[in-house]
Amino acid sequence: MANIAIDGPAGAGKSTIAKMVAKELGFVYVDTGAMYRAIALSCIRSGIDVKDEENVVKECENAKVTIKYINGSQKIFLDDEDVTSTIRNEEVGNGASAVSVYGRVRSRLVKMQQELAANTDVVMDGRDIGTVVLPNATLKVFLTASVEERAKRRVNEMAEKGVTVDLEQTKAEIAMRDERDTTRKESPLKQADDAILLDSTSMTIDEVKNSIINLYKKAIA
Ligand code: DC
C-alpha cells in the first residue's frame, strides 16, 4: 500500500492539506487527532480528570471508538454516536493533548491507525505518524508554520464562524500545546529523520498541496 505521513504542530494546516492531497491522489484521509479527541470527549462526559491516568486508560479501553467513511469523508463514532463535529473545540483539543501523553492510550489508537493503513492507500496526519505509526511510509512530511502565523490562521478561522478570539491568548494556547506535544515521554512530536520539512508560514494552501503531490510523485518514480 502507498501512504503519506503528515506530522506537525497544532494549527499548521495538516488536515486541510492532507484532505486535499488525499482527494487528488484518490487516497483515504485519516485524521488521527480525531481519535485522541474522541477519547478526551469520553473522559469529559464521564467526569474523568485527564490527569488521572488509571481512569483515563480504563475509559479508553472501554470506549467504543469507530471510524467510518461516508461519501469519502471520515466520521468518528463514540459508542455509536457520530461525534465528528462535537470534538472540534478547544476544550476537547486540549483534553486530547492531555490524554495523548499516556502510552496505554497511544498503543490502542496506534493499532487502529496501523490497521486502517494496512488495507488502504492513506494520507494520515498526526504527531507520530512518520516516527511510530507508519515508519515505512512512502512519503513523510513535517508541516510547520510560525506560532504567530498559526495563531492568526486560528483567529481568522474562528472569525469566519462568527466567533471573536484574542490573538495573544490563542498564541499562548498554541505555544502551550506545542510544549506538551513535543516534550511528552511517549512518542513526542518530532520530525522523523527521513521526513521532509515544509514551513508553510509564507506559502498558500495550494503551494503546500502541490509541493506534497510533487514530492510524492518523486518518491514513487
Ligand atoms: O491534530 P489535533 O489537534 O486534532 O490533535 C489533538 C491532540 O491529540 C494533539 O494536541 C496531540 C494528540 N495527537 C497525538 O498525540 N498523536 C496523533 N497522532 C494525533 C494527535
# chains A, B, ... in the order shown; residues from 1 in each chain; ligands from 1
>>> residues_near_ligand(ligand="ligand 1", cutoff="7 Å", atoms="only C-alpha atoms and all ligand atoms", output="ChimeraX atom specification")
/A:10,32-34,36-37,93-94,96-97,100-101,125-129,177,181
>>> residues_around(residues="A:Pro135", least_positions_apart="4", cutoff="9 Å", atoms="only C-alpha atoms", output="list of chain:residue names")
A:Ala5, A:Ile129, A:Gly130, A:Thr131, A:Lys140, A:Ala192
>>> write_last_selection(atoms="N, CA and C atoms", output="PDB file, in the first residue's frame")
ATOM      1  N   ALA A   5       2.606  10.240   5.266  1.00  0.00           N
ATOM      2  CA  ALA A   5       2.508  10.637   6.672  1.00  0.00           C
ATOM      3  C   ALA A   5       2.735  12.140   6.769  1.00  0.00           C
ATOM      4  N   ILE A 129       3.073  10.003  13.137  1.00  0.00           N
ATOM      5  CA  ILE A 129       2.776   9.094  12.025  1.00  0.00           C
ATOM      6  C   ILE A 129       4.076   8.617  11.358  1.00  0.00           C
ATOM      7  N   GLY A 130       4.962   9.560  11.049  1.00  0.00           N
ATOM      8  CA  GLY A 130       6.225   9.185  10.406  1.00  0.00           C
ATOM      9  C   GLY A 130       7.189   8.478  11.342  1.00  0.00           C
ATOM     10  N   THR A 131       7.091   8.767  12.636  1.00  0.00           N
ATOM     11  CA  THR A 131       8.052   8.183  13.586  1.00  0.00           C
ATOM     12  C   THR A 131       7.604   6.838  14.136  1.00  0.00           C
ATOM     13  N   LYS A 140       7.123  11.079   3.894  1.00  0.00           N
ATOM     14  CA  LYS A 140       6.875  11.677   5.214  1.00  0.00           C
ATOM     15  C   LYS A 140       7.107  13.179   5.116  1.00  0.00           C
ATOM     16  N   ALA A 192      10.583  13.055  11.789  1.00  0.00           N
ATOM     17  CA  ALA A 192      11.301  11.797  11.537  1.00  0.00           C
ATOM     18  C   ALA A 192      12.566  12.127  10.742  1.00  0.00           C
TER      19      ALA A 192
END
>>> select_by_dssp(residues="stretch 69-180 of chain A", states="strand (DSSP E)", output="VMD selection string")
chain A and resid 69 to 70 73 to 78 81 to 82 122 to 126 139 to 144
>>> write_last_selection(atoms="N, CA, C and O atoms", output="compact mmCIF listing (two decimals), in the first residue's frame")
# COMPACT_ATOMS: atom_id res chain seq x y z
N TYR A 69 -16.22 5.77 6.78
CA TYR A 69 -16.05 6.70 5.67
C TYR A 69 -17.38 6.84 4.96
O TYR A 69 -17.88 5.88 4.41
N ILE A 70 -17.94 8.05 5.05
CA ILE A 70 -19.24 8.30 4.43
C ILE A 70 -19.03 9.35 3.34
O ILE A 70 -18.52 10.44 3.62
N SER A 73 -15.67 11.00 3.32
CA SER A 73 -15.07 11.75 4.44
C SER A 73 -15.17 10.97 5.74
O SER A 73 -16.12 10.20 5.98
N GLN A 74 -14.15 11.20 6.59
CA GLN A 74 -14.05 10.43 7.83
C GLN A 74 -15.08 10.89 8.86
O GLN A 74 -15.22 12.07 9.13
N LYS A 75 -15.79 9.93 9.41
CA LYS A 75 -16.71 10.23 10.52
C LYS A 75 -16.23 9.40 11.70
O LYS A 75 -15.84 8.24 11.54
N ILE A 76 -16.28 10.02 12.87
CA ILE A 76 -15.83 9.28 14.05
C ILE A 76 -16.99 9.09 15.00
O ILE A 76 -17.77 10.01 15.24
N PHE A 77 -17.10 7.85 15.50
CA PHE A 77 -18.22 7.49 16.37
C PHE A 77 -17.70 7.10 17.75
O PHE A 77 -16.69 6.42 17.87
N LEU A 78 -18.40 7.60 18.75
CA LEU A 78 -18.10 7.20 20.12
C LEU A 78 -19.36 6.50 20.62
O LEU A 78 -20.43 7.11 20.68
N GLU A 81 -22.40 7.00 18.58
CA GLU A 81 -22.88 8.36 18.32
C GLU A 81 -21.86 9.07 17.42
O GLU A 81 -20.65 9.02 17.68
N ASP A 82 -22.33 9.73 16.37
CA ASP A 82 -21.43 10.48 15.49
C ASP A 82 -20.97 11.75 16.22
O ASP A 82 -21.76 12.65 16.45
N VAL A 122 -3.42 5.59 2.17
CA VAL A 122 -3.89 6.67 3.06
C VAL A 122 -2.96 7.87 3.08
O VAL A 122 -1.75 7.75 2.86
N VAL A 123 -3.57 9.02 3.36
CA VAL A 123 -2.81 10.19 3.79
C VAL A 123 -3.21 10.33 5.25
O VAL A 123 -4.39 10.52 5.55
N MET A 124 -2.25 10.17 6.15
CA MET A 124 -2.58 10.16 7.57
C MET A 124 -1.89 11.34 8.24
O MET A 124 -0.71 11.56 8.01
N ASP A 125 -2.64 12.12 9.04
CA ASP A 125 -1.97 13.21 9.73
C ASP A 125 -2.03 13.04 11.24
O ASP A 125 -2.92 12.37 11.76
N GLY A 126 -1.03 13.60 11.92
CA GLY A 126 -0.97 13.46 13.38
C GLY A 126 0.31 14.06 13.92
O GLY A 126 0.77 15.12 13.47
N LEU A 139 6.01 8.51 1.76
CA LEU A 139 6.49 9.89 1.88
C LEU A 139 6.16 10.39 3.28
O LEU A 139 5.06 10.15 3.78
N LYS A 140 7.12 11.08 3.89
CA LYS A 140 6.88 11.68 5.21
C LYS A 140 7.11 13.18 5.12
O LYS A 140 8.16 13.61 4.64
N VAL A 141 6.11 13.93 5.57
CA VAL A 141 6.23 15.39 5.54
C VAL A 141 6.08 15.90 6.96
O VAL A 141 5.21 15.43 7.71
N PHE A 142 6.92 16.84 7.35
CA PHE A 142 6.76 17.52 8.63
C PHE A 142 6.35 18.94 8.30
O PHE A 142 7.13 19.73 7.76
N LEU A 143 5.06 19.23 8.56
CA LEU A 143 4.49 20.52 8.15
C LEU A 143 4.43 21.46 9.35
O LEU A 143 3.82 21.14 10.37
N THR A 144 5.05 22.62 9.20
CA THR A 144 5.05 23.54 10.32
C THR A 144 4.78 24.97 9.83
O THR A 144 4.67 25.23 8.63
>>> closest_residue(among="A:Val165, A:Met158, A:Ile39, A:Ala219", to="A:Ile196", atoms="only C-alpha atoms")
A:Ala219
>>> closest_residue(among="A:Ser187, A:Ala221, A:Glu90, A:Ile6", to="A:Thr170", atoms="only C-alpha atoms")
A:Glu90
>>> residues_around(residues="A:Ile174", least_positions_apart="2", cutoff="8 Å", atoms="only C-alpha atoms", output="CSV table (one decimal) with N, CA, C and O atoms, in the first residue's frame")
chain,number,residue,atom,x,y,z
A,10,ALA,N,0.0,21.7,16.2
A,10,ALA,CA,-1.4,22.2,16.0
A,10,ALA,C,-1.4,23.5,15.2
A,10,ALA,O,-0.6,24.4,15.4
A,11,GLY,N,-2.4,23.5,14.3
A,11,GLY,CA,-2.6,24.7,13.5
A,11,GLY,C,-1.7,24.9,12.3
A,11,GLY,O,-1.7,26.0,11.7
A,147,VAL,N,4.5,30.2,15.2
A,147,VAL,CA,3.4,30.3,16.2
A,147,VAL,C,2.5,31.5,15.9
A,147,VAL,O,1.2,31.4,15.9
A,150,ARG,N,0.3,30.6,12.9
A,150,ARG,CA,-0.7,29.6,13.2
A,150,ARG,C,-1.8,30.2,14.1
A,150,ARG,O,-3.0,29.9,13.9
A,151,ALA,N,-1.5,31.1,15.0
A,151,ALA,CA,-2.5,31.8,15.8
A,151,ALA,C,-3.3,32.7,14.9
A,151,ALA,O,-4.6,32.7,15.1
A,170,THR,N,-4.6,33.1,22.0
A,170,THR,CA,-4.5,32.0,21.1
A,170,THR,C,-3.1,31.6,20.9
A,170,THR,O,-2.7,30.4,20.9
A,171,LYS,N,-2.2,32.6,20.8
A,171,LYS,CA,-0.8,32.3,20.6
A,171,LYS,C,-0.2,31.6,21.9
A,171,LYS,O,0.5,30.6,21.7
A,172,ALA,N,-0.7,32.0,23.0
A,172,ALA,CA,-0.2,31.4,24.3
A,172,ALA,C,-0.7,29.9,24.3
A,172,ALA,O,0.0,29.0,24.7
A,176,MET,N,1.5,26.5,24.4
A,176,MET,CA,1.4,25.6,25.5
A,176,MET,C,1.2,24.1,24.9
A,176,MET,O,1.8,23.2,25.4
A,177,ARG,N,0.4,24.0,23.9
A,177,ARG,CA,0.1,22.7,23.3
A,177,ARG,C,1.4,22.2,22.6
A,177,ARG,O,1.7,21.0,22.7
A,178,ASP,N,2.1,23.1,21.9
A,178,ASP,CA,3.4,22.7,21.3
A,178,ASP,C,4.3,22.1,22.4
A,178,ASP,O,5.0,21.1,22.1
>>> residues_around(residues="stretch 102-116 of chain A", least_positions_apart="3", cutoff="8 Å", atoms="only C-alpha atoms", output="count of residues only")
13
>>> select_by_dssp(residues="stretch 64-193 of chain A", states="helix (DSSP H, G or I)", output="number ranges by chain")
A: 90-99, 103-119, 129-133, 147-160, 167-183
>>> residues_around(residues="A:Ser202", least_positions_apart="2", cutoff="10 Å", atoms="only C-alpha atoms", output="CSV table (one decimal) with N, CA, C and O atoms, in the first residue's frame")
chain,number,residue,atom,x,y,z
A,145,ALA,N,4.6,25.9,10.8
A,145,ALA,CA,4.5,27.3,10.5
A,145,ALA,C,4.8,28.0,11.8
A,145,ALA,O,4.7,27.4,12.9
A,146,SER,N,5.1,29.3,11.8
A,146,SER,CA,5.4,30.0,13.0
A,146,SER,C,4.2,30.1,13.9
A,146,SER,O,3.1,30.0,13.5
A,149,GLU,N,1.9,32.9,12.9
A,149,GLU,CA,1.1,32.6,11.8
A,149,GLU,C,0.0,31.6,12.1
A,149,GLU,O,-1.2,31.8,11.7
A,199,ASP,N,7.8,24.4,5.7
A,199,ASP,CA,7.4,25.5,6.5
A,199,ASP,C,6.4,26.3,5.7
A,199,ASP,O,6.7,27.0,4.7
A,200,SER,N,5.1,26.3,6.2
A,200,SER,CA,4.0,26.9,5.4
A,200,SER,C,3.8,28.4,5.7
A,200,SER,O,2.8,29.0,5.2
A,204,THR,N,0.9,29.5,0.2
A,204,THR,CA,-0.5,29.4,0.2
A,204,THR,C,-0.8,27.9,0.3
A,204,THR,O,0.0,27.0,0.1
A,205,ILE,N,-2.1,27.6,0.6
A,205,ILE,CA,-2.6,26.3,0.7
A,205,ILE,C,-2.3,25.5,-0.5
A,205,ILE,O,-1.8,24.3,-0.5
A,207,GLU,N,0.1,26.0,-2.8
A,207,GLU,CA,1.5,25.8,-2.9
A,207,GLU,C,1.9,24.6,-2.0
A,207,GLU,O,2.7,23.8,-2.5
A,208,VAL,N,1.4,24.5,-0.8
A,208,VAL,CA,1.8,23.4,0.1
A,208,VAL,C,1.3,22.1,-0.5
A,208,VAL,O,2.0,21.1,-0.6
>>> atom_distance(atom1="atom CA of A:Lys190", atom2="atom CA of A:Ala12")
13.9 Å
>>> decode(residues="stretch 2-148 of chain A", atoms="C-alpha atoms", output="tab-separated table (two decimals), in the first residue's frame")
chain	number	residue	atom	x	y	z
A	2	ALA	CA	1.16	3.57	-0.60
A	3	ASN	CA	0.87	6.01	2.25
A	4	ILE	CA	1.75	9.58	3.10
A	5	ALA	CA	2.51	10.64	6.67
A	6	ILE	CA	1.97	14.28	7.59
A	7	ASP	CA	3.07	15.35	11.06
A	8	GLY	CA	3.42	18.75	12.63
A	9	PRO	CA	2.23	21.05	15.41
A	10	ALA	CA	-1.35	22.18	16.04
A	11	GLY	CA	-2.61	24.72	13.51
A	12	ALA	CA	0.00	24.10	10.80
A	13	GLY	CA	-2.76	23.26	8.30
A	14	LYS	CA	-2.21	19.49	8.31
A	15	SER	CA	-5.82	18.42	7.99
A	16	THR	CA	-6.74	20.93	5.25
A	17	ILE	CA	-3.69	19.93	3.23
A	18	ALA	CA	-3.97	16.19	3.93
A	19	LYS	CA	-7.60	16.19	2.76
A	20	MET	CA	-6.69	17.97	-0.49
A	21	VAL	CA	-3.75	15.65	-1.19
A	22	ALA	CA	-5.90	12.58	-0.48
A	23	LYS	CA	-8.61	13.80	-2.83
A	24	GLU	CA	-6.17	14.48	-5.65
A	25	LEU	CA	-4.45	11.10	-5.33
A	26	GLY	CA	-7.63	9.11	-4.62
A	27	PHE	CA	-6.30	8.08	-1.19
A	28	VAL	CA	-8.28	7.92	2.06
A	29	TYR	CA	-7.61	10.72	4.54
A	30	VAL	CA	-7.14	9.53	8.13
A	31	ASP	CA	-7.33	12.16	10.88
A	32	THR	CA	-5.65	10.53	13.88
A	33	GLY	CA	-6.14	13.57	16.15
A	34	ALA	CA	-9.89	12.85	15.97
A	35	MET	CA	-9.27	9.53	17.75
A	36	TYR	CA	-7.45	11.21	20.68
A	37	ARG	CA	-10.23	13.82	20.73
A	38	ALA	CA	-12.91	11.11	20.94
A	39	ILE	CA	-11.17	9.59	23.98
A	40	ALA	CA	-10.91	13.06	25.56
A	41	LEU	CA	-14.63	13.67	24.93
A	42	SER	CA	-15.47	10.34	26.50
A	43	CYS	CA	-13.46	11.31	29.64
A	44	ILE	CA	-15.03	14.78	29.82
A	45	ARG	CA	-18.51	13.29	29.60
A	46	SER	CA	-17.73	10.74	32.30
A	47	GLY	CA	-16.29	13.45	34.57
A	48	ILE	CA	-12.80	11.91	34.49
A	49	ASP	CA	-9.90	14.24	35.20
A	50	VAL	CA	-7.45	13.98	32.28
A	51	LYS	CA	-4.60	13.91	34.81
A	52	ASP	CA	-5.98	10.69	36.33
A	53	GLU	CA	-4.01	8.18	34.21
A	54	GLU	CA	-5.61	4.99	35.55
A	55	ASN	CA	-9.16	6.16	34.91
A	56	VAL	CA	-8.30	7.69	31.52
A	57	VAL	CA	-6.76	4.37	30.44
A	58	LYS	CA	-9.83	2.47	31.69
A	59	GLU	CA	-12.11	4.86	29.82
A	60	CYS	CA	-10.02	4.39	26.68
A	61	GLU	CA	-10.17	0.60	26.96
A	62	ASN	CA	-13.95	0.65	27.41
A	63	ALA	CA	-14.85	3.38	24.93
A	64	LYS	CA	-16.04	2.13	21.58
A	65	VAL	CA	-14.35	4.37	19.02
A	66	THR	CA	-15.06	3.60	15.38
A	67	ILE	CA	-14.15	5.28	12.13
A	68	LYS	CA	-16.42	5.17	9.10
A	69	TYR	CA	-16.05	6.70	5.67
A	70	ILE	CA	-19.24	8.30	4.43
A	71	ASN	CA	-19.11	9.85	0.92
A	72	GLY	CA	-15.32	9.83	1.18
A	73	SER	CA	-15.07	11.75	4.44
A	74	GLN	CA	-14.05	10.43	7.83
A	75	LYS	CA	-16.71	10.23	10.52
A	76	ILE	CA	-15.83	9.28	14.05
A	77	PHE	CA	-18.22	7.49	16.37
A	78	LEU	CA	-18.10	7.20	20.12
A	79	ASP	CA	-20.35	4.41	21.37
A	80	ASP	CA	-22.29	4.60	18.09
A	81	GLU	CA	-22.88	8.36	18.32
A	82	ASP	CA	-21.43	10.48	15.49
A	83	VAL	CA	-19.15	12.92	17.37
A	84	THR	CA	-17.31	14.26	14.30
A	85	SER	CA	-18.36	17.88	14.96
A	86	THR	CA	-18.69	17.64	18.76
A	87	ILE	CA	-14.94	17.02	19.12
A	88	ARG	CA	-13.93	20.18	17.24
A	89	ASN	CA	-13.43	22.68	20.03
A	90	GLU	CA	-10.56	23.91	22.21
A	91	GLU	CA	-11.71	22.09	25.35
A	92	VAL	CA	-11.67	18.72	23.60
A	93	GLY	CA	-8.44	19.63	21.72
A	94	ASN	CA	-6.63	20.41	24.95
A	95	GLY	CA	-8.10	17.28	26.55
A	96	ALA	CA	-6.82	15.24	23.58
A	97	SER	CA	-3.34	16.69	24.07
A	98	ALA	CA	-3.53	15.69	27.75
A	99	VAL	CA	-4.78	12.09	27.27
A	100	SER	CA	-2.33	11.50	24.43
A	101	VAL	CA	0.62	11.52	26.86
A	102	TYR	CA	-0.33	8.06	28.18
A	103	GLY	CA	1.42	5.12	26.50
A	104	ARG	CA	-1.54	2.78	27.01
A	105	VAL	CA	-3.90	5.22	25.28
A	106	ARG	CA	-1.43	5.64	22.42
A	107	SER	CA	-0.85	1.93	21.85
A	108	ARG	CA	-4.57	1.24	21.45
A	109	LEU	CA	-5.04	4.08	18.96
A	110	VAL	CA	-1.82	3.38	17.05
A	111	LYS	CA	-3.02	-0.19	16.48
A	112	MET	CA	-6.29	1.11	15.00
A	113	GLN	CA	-4.35	3.50	12.76
A	114	GLN	CA	-1.99	0.78	11.52
A	115	GLU	CA	-4.95	-1.47	10.73
A	116	LEU	CA	-6.57	1.29	8.67
A	117	ALA	CA	-3.37	1.83	6.68
A	118	ALA	CA	-2.75	-1.89	6.12
A	119	ASN	CA	-5.59	-2.25	3.60
A	120	THR	CA	-5.89	1.18	2.01
A	121	ASP	CA	-3.76	3.90	0.45
A	122	VAL	CA	-3.89	6.67	3.06
A	123	VAL	CA	-2.81	10.19	3.79
A	124	MET	CA	-2.58	10.16	7.57
A	125	ASP	CA	-1.97	13.21	9.73
A	126	GLY	CA	-0.97	13.46	13.38
A	127	ARG	CA	2.12	13.87	15.55
A	128	ASP	CA	3.82	10.45	15.40
A	129	ILE	CA	2.78	9.09	12.02
A	130	GLY	CA	6.23	9.18	10.41
A	131	THR	CA	8.05	8.18	13.59
A	132	VAL	CA	5.81	5.45	15.07
A	133	VAL	CA	2.60	4.63	13.18
A	134	LEU	CA	3.91	4.32	9.61
A	135	PRO	CA	7.72	4.15	9.87
A	136	ASN	CA	7.87	2.85	6.27
A	137	ALA	CA	5.59	5.48	4.75
A	138	THR	CA	6.11	6.19	1.06
A	139	LEU	CA	6.49	9.89	1.88
A	140	LYS	CA	6.88	11.68	5.21
A	141	VAL	CA	6.23	15.39	5.54
A	142	PHE	CA	6.76	17.52	8.63
A	143	LEU	CA	4.49	20.52	8.15
A	144	THR	CA	5.05	23.54	10.32
A	145	ALA	CA	4.49	27.32	10.49
A	146	SER	CA	5.45	30.01	13.00
A	147	VAL	CA	3.38	30.28	16.20
A	148	GLU	CA	2.35	33.80	15.15
